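Note: the block below is upload.cif and it holds mmCIF, C-alpha atoms.
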data_input
#
loop_
_atom_site.group_PDB
_atom_site.id
_atom_site.type_symbol
_atom_site.label_atom_id
_atom_site.label_comp_id
_atom_site.auth_asym_id
_atom_site.auth_seq_id
_atom_site.Cartn_x
_atom_site.Cartn_y
_atom_site.Cartn_z
ATOM 1 C CA MET A 1 -0.482 -2.270 -12.263
ATOM 2 C CA SER A 2 -3.592 -4.361 -12.535
ATOM 3 C CA ASP A 3 -6.455 -4.609 -10.083
ATOM 4 C CA LYS A 4 -7.052 -8.152 -11.295
ATOM 5 C CA PRO A 5 -6.784 -10.737 -8.511
ATOM 6 C CA VAL A 6 -3.481 -12.595 -8.777
ATOM 7 C CA GLY A 7 -5.196 -15.987 -8.673
ATOM 8 C CA GLU A 8 -7.051 -15.147 -11.903
ATOM 9 C CA MET A 9 -3.918 -14.151 -13.818
ATOM 10 C CA SER A 10 -2.150 -16.220 -16.403
ATOM 11 C CA PHE A 11 1.538 -16.864 -15.900
ATOM 12 C CA GLU A 12 2.376 -14.227 -18.513
ATOM 13 C CA GLU A 13 0.142 -11.585 -16.927
ATOM 14 C CA ALA A 14 1.577 -12.218 -13.469
ATOM 15 C CA MET A 15 5.158 -12.177 -14.755
ATOM 16 C CA ALA A 16 4.619 -8.886 -16.598
ATOM 17 C CA GLU A 17 3.160 -7.253 -13.509
ATOM 18 C CA LEU A 18 5.950 -8.662 -11.332
ATOM 19 C CA GLU A 19 8.474 -7.024 -13.664
ATOM 20 C CA GLN A 20 6.635 -3.706 -13.257
ATOM 21 C CA VAL A 21 6.686 -4.064 -9.473
ATOM 22 C CA VAL A 22 10.412 -4.799 -9.434
ATOM 23 C CA THR A 23 11.142 -1.846 -11.714
ATOM 24 C CA ARG A 24 9.182 0.551 -9.509
ATOM 25 C CA LEU A 25 10.863 -0.719 -6.355
ATOM 26 C CA GLU A 26 14.332 -0.510 -7.930
ATOM 27 C CA GLN A 27 13.731 3.082 -8.974
ATOM 28 C CA GLY A 28 13.235 3.971 -5.315
ATOM 29 C CA GLU A 29 10.819 6.781 -6.111
ATOM 30 C CA VAL A 30 7.797 5.468 -4.208
ATOM 31 C CA ALA A 31 6.748 6.317 -0.675
ATOM 32 C CA LEU A 32 7.352 3.796 2.102
ATOM 33 C CA GLU A 33 3.723 2.687 2.400
ATOM 34 C CA GLU A 34 3.447 2.192 -1.363
ATOM 35 C CA SER A 35 6.753 0.313 -1.342
ATOM 36 C CA ILE A 36 5.369 -2.076 1.261
ATOM 37 C CA LYS A 37 2.211 -2.648 -0.793
ATOM 38 C CA LEU A 38 4.284 -3.187 -3.934
ATOM 39 C CA TYR A 39 6.512 -5.665 -2.117
ATOM 40 C CA GLU A 40 3.482 -7.596 -0.837
ATOM 41 C CA ARG A 41 1.928 -7.655 -4.321
ATOM 42 C CA GLY A 42 5.265 -8.775 -5.762
ATOM 43 C CA ALA A 43 5.526 -11.615 -3.260
ATOM 44 C CA GLU A 44 2.017 -12.757 -4.170
ATOM 45 C CA LEU A 45 2.807 -12.546 -7.890
ATOM 46 C CA LYS A 46 6.039 -14.512 -7.428
ATOM 47 C CA ALA A 47 4.263 -17.262 -5.506
ATOM 48 C CA HIS A 48 1.607 -17.459 -8.232
ATOM 49 C CA CYS A 49 4.259 -17.711 -10.966
ATOM 50 C CA ASP A 50 6.139 -20.372 -8.990
ATOM 51 C CA GLY A 51 2.940 -22.405 -8.669
ATOM 52 C CA LYS A 52 2.169 -22.125 -12.380
ATOM 53 C CA LEU A 53 5.727 -23.190 -13.271
ATOM 54 C CA LYS A 54 5.616 -26.157 -10.899
ATOM 55 C CA ALA A 55 2.316 -27.309 -12.394
ATOM 56 C CA ALA A 56 3.750 -27.021 -15.909
ATOM 57 C CA GLU A 57 6.885 -28.953 -14.912
ATOM 58 C CA GLU A 58 4.754 -31.735 -13.428
ATOM 59 C CA ARG A 59 2.748 -31.974 -16.652
ATOM 60 C CA VAL A 60 5.915 -32.165 -18.739
ATOM 61 C CA GLU A 61 7.325 -34.874 -16.492
ATOM 62 C CA GLN A 62 4.207 -36.946 -17.119
ATOM 63 C CA ILE A 63 4.707 -37.185 -20.882
ATOM 64 C CA ARG A 64 4.708 -40.848 -21.764
ATOM 65 C CA LEU A 65 7.116 -42.232 -24.337
ATOM 66 C CA ALA A 66 6.636 -45.176 -26.676
ATOM 67 C CA GLU A 67 9.315 -47.855 -26.852
ATOM 68 C CA SER A 68 10.731 -45.948 -29.824
ATOM 69 C CA GLY A 69 11.206 -42.907 -27.593
ATOM 70 C CA GLU A 70 8.442 -40.912 -29.274
ATOM 71 C CA PRO A 71 5.946 -39.078 -27.039
ATOM 72 C CA VAL A 72 2.573 -40.835 -27.095
ATOM 73 C CA GLY A 73 0.555 -38.762 -24.660
ATOM 74 C CA THR A 74 0.471 -37.677 -21.112
ATOM 75 C CA ALA A 75 -0.374 -39.349 -17.848
ATOM 76 C CA PRO A 76 -2.109 -37.548 -14.993
ATOM 77 C CA ALA A 77 0.322 -35.890 -12.588
ATOM 78 C CA ASP A 78 -1.045 -37.978 -9.722
ATOM 79 C CA GLY A 79 0.263 -41.115 -11.444
ATOM 80 C CA SER A 80 -3.173 -42.483 -12.433
#
Representation of the structure as structure tokens:
Amino acid sequence: MSDKPVGEMSFEEAMAELEQVVTRLEQGEVALEESIKLYERGAELKAHCDGKLKAAEERVEQIRLAESGEPVGTAPADGS
């Protein structure tokens, strides 16, 4: 596992570490205290991934289309 703060991770980094956390927890070979720390880290990683996905979805939804249906650019997510 990484010591990198979750907020500094890319989606891919956070997802890879989340998979490691889940694997370790599923194996059931970690002490209770470590399991709790892993669970907390996993929850933080999941929230980070959810936020990154939501931001990406909002950007995709803002793609503007020309009258022909072709994408012509993007609009800011705040509707500006």
My list of candidates is A:Glu58, A:Ser68, A:Lys4, A:Leu18. Which is closest to A:Glu40 when distances are computed with only C-alpha atoms?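 Comparing A:Glu58, A:Ser68, A:Lys4, A:Leu18 against A:Glu40, the winner is A:Leu18.
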Which residues, written as a list in words, have at least one atom at most 7 Å from A:Ala14, with all atoms listed in the file counted and residues fewer than 5 positions away on the same chain left out?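 After dropping sequence-adjacent residues, the list is Val6, Met9, Leu45 and Cys49 of chain A.
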Selection result of the PyMOL selection byres ((chain A and resi 41) around 12) on this file, as a PDB file with C-alpha atoms, in the frame of the given file:
ATOM      1  CA  MET A   1      -0.482  -2.270 -12.263  1.00  0.00           C
ATOM      2  CA  SER A   2      -3.592  -4.361 -12.535  1.00  0.00           C
ATOM      3  CA  ASP A   3      -6.455  -4.609 -10.083  1.00  0.00           C
ATOM      4  CA  LYS A   4      -7.052  -8.152 -11.295  1.00  0.00           C
ATOM      5  CA  PRO A   5      -6.784 -10.737  -8.511  1.00  0.00           C
ATOM      6  CA  VAL A   6      -3.481 -12.595  -8.777  1.00  0.00           C
ATOM      7  CA  GLY A   7      -5.196 -15.987  -8.673  1.00  0.00           C
ATOM      8  CA  ALA A  14       1.577 -12.218 -13.469  1.00  0.00           C
ATOM      9  CA  MET A  15       5.158 -12.177 -14.755  1.00  0.00           C
ATOM     10  CA  GLU A  17       3.160  -7.253 -13.509  1.00  0.00           C
ATOM     11  CA  LEU A  18       5.950  -8.662 -11.332  1.00  0.00           C
ATOM     12  CA  GLU A  19       8.474  -7.024 -13.664  1.00  0.00           C
ATOM     13  CA  GLN A  20       6.635  -3.706 -13.257  1.00  0.00           C
ATOM     14  CA  VAL A  21       6.686  -4.064  -9.473  1.00  0.00           C
ATOM     15  CA  VAL A  22      10.412  -4.799  -9.434  1.00  0.00           C
ATOM     16  CA  LEU A  25      10.863  -0.719  -6.355  1.00  0.00           C
ATOM     17  CA  GLU A  34       3.447   2.192  -1.363  1.00  0.00           C
ATOM     18  CA  SER A  35       6.753   0.313  -1.342  1.00  0.00           C
ATOM     19  CA  ILE A  36       5.369  -2.076   1.261  1.00  0.00           C
ATOM     20  CA  LYS A  37       2.211  -2.648  -0.793  1.00  0.00           C
ATOM     21  CA  LEU A  38       4.284  -3.187  -3.934  1.00  0.00           C
ATOM     22  CA  TYR A  39       6.512  -5.665  -2.117  1.00  0.00           C
ATOM     23  CA  GLU A  40       3.482  -7.596  -0.837  1.00  0.00           C
ATOM     24  CA  GLY A  42       5.265  -8.775  -5.762  1.00  0.00           C
ATOM     25  CA  ALA A  43       5.526 -11.615  -3.260  1.00  0.00           C
ATOM     26  CA  GLU A  44       2.017 -12.757  -4.170  1.00  0.00           C
ATOM     27  CA  LEU A  45       2.807 -12.546  -7.890  1.00  0.00           C
ATOM     28  CA  LYS A  46       6.039 -14.512  -7.428  1.00  0.00           C
ATOM     29  CA  ALA A  47       4.263 -17.262  -5.506  1.00  0.00           C
ATOM     30  CA  HIS A  48       1.607 -17.459  -8.232  1.00  0.00           C
TER      31      HIS A  48
END
Pairwise distance for atom CA of A:Leu53 and atom CA of A:Glu8, rounded to one decimal in Å: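 Separating atom CA of A:Leu53 from atom CA of A:Glu8 is a distance of 15.2 Å.
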